[in-house]
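For reference, my_file.txt (compact mmCIF, C-alpha atoms):
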```txt
# COMPACT_ATOMS: atom_id res chain seq x y z
CA ILE A 5 168.01 76.96 116.32
CA LYS A 6 168.61 79.43 119.14
CA THR A 7 171.31 80.99 116.98
CA TYR A 8 168.57 82.06 114.57
CA THR A 9 165.89 82.95 117.08
CA ASP A 10 168.41 85.25 118.74
CA LYS A 11 168.69 87.04 115.40
CA GLY A 12 164.98 87.69 115.18
CA TYR A 13 163.78 84.57 113.41
CA GLU A 14 160.78 82.48 114.41
CA VAL A 15 160.48 78.73 113.82
CA VAL A 16 157.59 77.94 111.51
CA SER A 17 158.10 74.18 111.37
CA GLN A 18 160.79 71.67 112.26
CA ASP A 19 161.28 68.05 111.24
CA GLU A 20 161.64 65.52 114.01
CA LEU A 21 165.15 64.38 114.78
CA PRO A 22 165.41 60.63 114.02
CA GLY A 23 166.39 58.42 116.88
CA THR A 24 168.80 56.31 114.77
CA PHE A 25 170.74 56.48 111.55
CA ASP A 26 169.00 54.78 108.63
CA SER A 27 170.66 52.28 106.26
CA ASP A 28 170.20 54.28 103.03
CA THR A 29 173.66 55.30 101.87
CA SER A 30 172.36 57.03 98.74
CA LYS A 31 171.24 60.14 100.58
CA ASP A 32 171.73 61.87 103.89
CA GLN A 33 169.04 62.00 106.47
CA GLU A 34 167.81 65.60 106.13
CA ILE A 35 166.10 67.63 108.81
CA VAL A 36 164.33 70.72 107.45
CA ILE A 37 163.62 73.71 109.64
CA HIS A 38 161.48 76.52 108.25
CA LEU A 39 162.02 80.00 109.69
CA LYS A 40 160.39 83.35 109.18
CA HIS A 41 161.37 86.88 110.07
CA VAL A 42 159.67 88.18 113.20
CA THR A 43 158.14 91.62 112.85
CA VAL A 44 157.46 94.10 115.60
CA THR A 45 155.03 97.02 115.57
CA VAL A 46 156.22 100.21 117.20
CA ALA A 47 153.54 102.65 118.42
CA PRO A 48 153.97 106.19 119.74
CA ASP A 49 153.11 105.12 123.30
CA HIS A 50 156.21 102.88 123.23
CA PRO A 51 158.64 104.56 120.83
CA GLN A 52 162.18 103.37 120.27
CA THR A 53 165.51 105.09 119.73
CA PRO A 54 167.10 104.64 116.28
CA GLY A 55 170.46 102.92 116.65
CA ASP A 56 169.59 101.11 119.88
CA PRO A 57 169.58 97.29 119.83
CA ILE A 58 166.31 95.56 119.02
CA ASP A 59 165.37 93.13 121.81
CA GLY A 60 165.56 89.54 120.59
CA SER A 61 167.65 90.48 117.59
CA GLU A 62 171.18 91.29 116.58
CA SER A 63 169.98 94.32 114.63
CA ASN A 64 169.49 97.93 115.69
CA TRP A 65 166.37 100.06 115.44
CA PRO A 66 166.09 101.93 112.12
CA ASP A 67 165.02 105.54 111.63
CA GLY A 68 161.30 106.24 111.91
CA VAL A 69 160.60 104.52 115.22
CA ASP A 70 161.04 107.53 117.55
CA GLN A 71 158.26 109.63 119.08
CA VAL A 72 158.60 112.47 116.57
CA SER A 73 158.21 110.06 113.65
CA LEU A 74 155.13 108.37 115.09
CA GLN A 75 153.07 111.23 116.49
CA LYS A 76 152.34 114.81 115.57
CA SER A 77 149.89 117.43 116.72
CA ILE A 78 148.35 120.16 114.59
CA THR A 79 147.04 123.18 116.47
CA ARG A 80 144.73 126.08 115.74
CA THR A 81 145.16 129.04 118.08
CA ILE A 82 142.44 131.69 118.29
CA ASP A 83 143.60 135.02 119.72
CA TYR A 84 141.26 137.81 120.80
CA VAL A 85 142.88 141.24 120.56
CA ASP A 86 142.12 144.93 121.00
CA GLY A 87 141.90 146.62 117.62
CA LEU A 88 143.80 149.65 118.91
CA THR A 89 146.51 148.25 121.17
CA LYS A 90 146.66 144.69 119.73
CA GLU A 91 146.79 143.42 123.30
CA LYS A 92 144.83 140.30 124.25
CA VAL A 93 141.38 141.00 125.63
CA ALA A 94 140.36 137.39 126.36
CA ASP A 95 142.05 134.05 126.85
CA SER A 96 143.23 132.40 123.66
CA VAL A 97 141.65 129.13 122.55
CA GLU A 98 143.89 126.26 121.45
CA GLN A 99 142.49 123.33 119.49
CA THR A 100 144.71 120.34 118.81
CA VAL A 101 144.27 117.31 116.57
CA THR A 102 146.79 114.52 117.21
CA PHE A 103 147.82 112.04 114.53
CA THR A 104 149.67 108.77 115.18
CA ARG A 105 151.04 105.93 113.11
CA HIS A 106 152.33 102.42 113.89
CA VAL A 107 155.43 101.27 112.06
CA VAL A 108 156.18 97.60 111.33
CA VAL A 109 159.86 96.62 111.54
CA ASP A 110 161.60 93.41 110.45
CA LYS A 111 163.64 92.25 113.47
CA VAL A 112 166.13 90.34 111.31
CA THR A 113 166.97 93.04 108.78
CA ALA A 114 165.85 96.11 110.81
CA GLU A 115 163.94 97.19 107.71
CA VAL A 116 160.81 99.34 107.94
CA LEU A 117 158.28 97.16 106.15
CA GLY A 118 155.37 99.57 106.32
CA TYR A 119 152.61 100.66 108.65
CA ASP A 120 149.79 98.96 110.52
CA THR A 121 146.55 100.97 110.36
CA ASN A 122 144.05 98.50 111.83
CA GLY A 123 145.90 97.08 114.81
CA ASP A 124 146.47 93.55 113.51
CA GLY A 125 150.26 93.83 113.51
CA THR A 126 150.62 93.46 109.76
CA VAL A 127 151.49 95.97 107.05
CA ASP A 128 148.45 97.74 105.63
CA THR A 129 150.29 100.46 103.72
CA THR A 130 153.86 101.25 102.80
CA SER A 131 153.07 104.96 102.49
CA ALA A 132 154.16 106.92 105.54
CA ASP A 133 151.80 109.77 104.60
CA LYS A 134 148.77 107.48 104.34
CA ALA A 135 149.56 105.79 107.65
CA TRP A 136 148.51 108.68 109.90
CA MET A 137 145.48 107.96 112.09
CA THR A 138 143.39 110.07 114.45
CA ASN A 139 140.32 109.67 116.62
CA SER A 140 139.08 113.16 115.75
CA ASN A 141 140.05 115.11 112.67
CA THR A 142 138.24 118.41 113.23
CA TRP A 143 138.75 121.70 114.94
CA ALA A 144 135.34 122.48 116.40
CA LYS A 145 133.45 125.73 115.82
CA VAL A 146 134.25 128.40 118.38
CA THR A 147 131.94 131.35 119.09
CA SER A 148 133.75 134.57 119.89
CA PRO A 149 133.05 135.89 123.40
CA ASP A 150 130.80 138.90 124.05
CA LEU A 151 132.98 141.65 125.49
CA SER A 152 130.40 144.43 125.44
CA SER A 153 130.64 144.68 129.22
CA LYS A 154 134.27 145.70 128.74
CA GLY A 155 133.39 148.45 126.29
CA TYR A 156 133.91 146.55 123.05
CA GLU A 157 131.75 146.27 119.99
CA ALA A 158 130.97 142.95 118.31
CA PRO A 159 134.17 141.31 116.98
CA ASP A 160 135.11 141.19 113.31
CA VAL A 161 134.71 137.40 113.42
CA SER A 162 131.60 136.26 115.27
CA LYS A 163 132.60 132.61 115.13
CA VAL A 164 135.54 130.58 113.85
CA ASP A 165 134.12 127.78 111.75
CA GLU A 166 134.70 124.07 112.18
CA LYS A 167 137.50 122.76 109.99
CA VAL A 168 138.55 119.28 108.94
CA VAL A 169 142.22 118.70 109.65
CA ALA A 170 144.41 116.48 107.48
CA SER A 171 147.78 115.08 108.46
CA ASN A 172 149.49 117.65 106.22
CA THR A 173 147.53 120.63 107.55
CA SER A 174 149.73 123.34 109.02
CA ASP A 175 149.28 124.97 112.41
CA GLU A 176 147.00 128.01 112.22
CA THR A 177 146.53 131.20 114.16
CA VAL A 178 143.24 133.08 113.85
CA THR A 179 143.09 136.64 115.18
CA VAL A 180 139.70 137.99 116.23
CA THR A 181 139.69 141.76 116.63
CA TYR A 182 137.55 143.78 119.00
CA ASN A 183 137.13 147.51 118.46
CA ARG A 184 136.21 149.67 121.38
CA SER A 185 132.75 151.18 121.48
CA PRO A 186 132.72 154.88 120.51
CA GLN A 187 132.03 157.13 123.46
CA LYS A 188 131.10 160.81 123.85
CA VAL A 189 131.79 163.45 126.45
CA VAL A 190 129.20 166.23 126.56
CA TYR A 191 128.75 169.28 128.73
CA THR A 192 125.71 171.14 130.02
CA ILE A 193 125.66 174.75 131.21
CA ILE A 194 122.96 175.62 133.79
CA ASP A 195 122.08 179.09 135.07
CA ASP A 196 121.19 178.32 138.70
CA THR A 197 119.94 181.88 139.34
CA ALA A 198 117.49 181.89 136.47
CA LYS A 199 116.93 178.15 136.79
CA LYS A 200 117.55 177.79 133.07
CA THR A 201 119.68 175.51 130.95
CA LEU A 202 121.91 177.57 128.67
CA GLU A 203 123.52 174.67 126.79
CA ASP A 204 122.37 171.07 126.94
CA ASN A 205 124.48 168.00 126.15
CA VAL A 206 126.87 169.77 123.83
CA LEU A 207 129.52 167.49 122.34
CA LEU A 208 132.98 168.12 123.79
CA ASP A 209 134.92 165.06 122.61
CA THR A 210 134.57 161.59 121.10
CA GLY A 211 136.76 158.49 121.18
CA PRO A 212 136.89 154.74 121.80
CA SER A 213 136.29 153.23 125.22
CA GLY A 214 139.35 153.32 127.42
CA ALA A 215 141.25 155.80 125.24
CA SER A 216 142.48 159.15 126.55
CA LEU A 217 140.40 162.20 125.73
CA ASN A 218 141.60 164.54 123.03
CA LYS A 219 140.26 167.52 124.94
CA THR A 220 141.81 168.72 128.18
CA GLN A 221 140.68 170.48 131.33
CA GLU A 222 141.98 173.66 129.73
CA ASP A 223 139.53 173.27 126.85
CA LEU A 224 136.66 172.91 129.30
CA GLN A 225 137.89 175.90 131.28
CA LYS A 226 137.84 178.08 128.16
CA ILE A 227 134.15 177.30 127.76
CA ALA A 228 133.47 178.20 131.38
CA ASP A 229 135.56 181.38 131.10
CA GLY A 230 133.45 182.44 128.14
CA TYR A 231 130.49 182.61 130.44
CA GLY A 232 132.55 184.45 133.03
CA THR A 233 132.90 187.36 130.58
CA LYS A 234 129.12 187.45 130.45
CA GLY A 235 128.84 187.98 134.18
CA TYR A 236 128.46 184.41 135.29
CA ALA A 237 130.39 182.77 138.12
CA ILE A 238 131.02 179.03 138.41
CA VAL A 239 129.22 177.43 141.32
CA ARG A 240 131.66 175.11 143.05
```
Spit out the file's structure as structure tokens when you get a sec.
Amino acid sequence: IKTYTDKGYEVVSQDELPGTFDSDTSKDQEIVIHLKHVTVTVAPDHPQTPGDPIDGSESNWPDGVDQVSLQKSITRTIDYVDGLTKEKVADSVEQTVTFTRHVVVDKVTAEVLGYDTNGDGTVDTTSADKAWMTNSNTWAKVTSPDLSSKGYEAPDVSKVDEKVVASNTSDETVTVTYNRSPQKVVYTIIDDTAKKTLEDNVLLDTGPSGASLNKTQEDLQKIADGYGTKGYAIVR
């Protein structure tokens, strides 16, 4: 019997061995032993290596019992970027849904019999695609951060919606763009002698927060020099 149990069989029933030979010469005394194939369930927390020997068997592990075959993660990455430079302006958010499946293997034949989806050690489905399980199948809603204190306007996506993830869903990357708030540079000309404002808050240049001005010190100097031809002197 050990010859068979070493091959992955299990004894279901076994007739008792008679203590003596009977006197019936018309037929042999028959002892019947019923065996069944032992099955083993392989889960991703204890994966196996295809080709390695199966413990308690003369067979080797088949394909489909390794970590990659039994577990996969599907990730949504949310990036927050500057609309002008495309550089990141806030930490990215990664959301991961992990799927697992438990494969049932015949220890005698090393055949993949199917998959256990309820933890009872028996085959519930022979479809590898239908065998994936998860404790949570959603990417949660994520509200985009307020970066107004950094000079940015509201983002183009105020929130990334919740999404149900299936085992065949692909990884996703969502890009949320922040445009810089428009800013102005103005100048005011004051006549200190006459105590009079000659020009008040006149627009010199416009542009997004953090960007270099289009106008230069030379442009501002030309405005000041214009008043110099009128008899004014700059108070420094």
Please identify all polymer residues within 12 Å of segment 193-200 of chain A, counting only C-alpha atoms, omitting same-chain residues fewer than 3 positions from it, and present them as a PyMOL selection string.
chain A and resi 190+203-206+224+227-232+234-240
May I have a table of the residues of segment 159-179 of chain A lying at most 10 Å from segment 95-107 of chain A, giving each one's closest pair of atoms and their distance in Å to one decimal, counting all atoms listed in the file, ordered by chain and ascending residue number, as JSON lines?
```
{"residue": "A:Val168", "atom": "CA", "partner": "A:Val101", "partner_atom": "CA", "distance": 9.7}
{"residue": "A:Val169", "atom": "CA", "partner": "A:Val101", "partner_atom": "CA", "distance": 7.3}
{"residue": "A:Ala170", "atom": "CA", "partner": "A:Phe103", "partner_atom": "CA", "distance": 9.0}
{"residue": "A:Ser171", "atom": "CA", "partner": "A:Phe103", "partner_atom": "CA", "distance": 6.8}
{"residue": "A:Asp175", "atom": "CA", "partner": "A:Thr100", "partner_atom": "CA", "distance": 9.1}
{"residue": "A:Glu176", "atom": "CA", "partner": "A:Gln99", "partner_atom": "CA", "distance": 9.8}
{"residue": "A:Thr177", "atom": "CA", "partner": "A:Glu98", "partner_atom": "CA", "distance": 9.2}
{"residue": "A:Val178", "atom": "CA", "partner": "A:Val97", "partner_atom": "CA", "distance": 9.7}
{"residue": "A:Thr179", "atom": "CA", "partner": "A:Ser96", "partner_atom": "CA", "distance": 9.5}
```
Segment 114-199 of chain A near segment 52-75 of chain A within 8 Å: what's each residue's closest atom pair and its distance in Å to one decimal, counting only C-alpha atoms, ordered by chain then ascending residue number, as a tab-separated table?
```
residue	atom	partner	partner_atom	distance
A:Ala114	CA	A:Ser63	CA	5.9
A:Glu115	CA	A:Pro66	CA	6.8
A:Val116	CA	A:Pro66	CA	7.2
```
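Minimum atom-to-atom distances from A:Lys163, A:Lys226, A:Lys219, A:Lys145 to Tyr84 of chain A were compared using all atoms listed in the file, and the lowest value belongs to A:Lys163.
Using only C-alpha atoms for every distance, the candidate list A:Ile35, A:Leu117, A:Tyr8, A:Thr81 yields A:Ile35 as the residue closest to Leu21 of chain A.
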Quick check, in Å to one decimal: how far apart do atom CA of Ile5 of chain A and atom CA of Val36 of chain A lie?
11.5 Å
Between atom CA of Ser152 of chain A and atom CA of Lys90 of chain A, measure the distance and give it in Å to one decimal.
17.2 Å
One decimal place gives the atom CA of Ser140 of chain A-atom CA of Arg80 of chain A separation as 14.1 Å
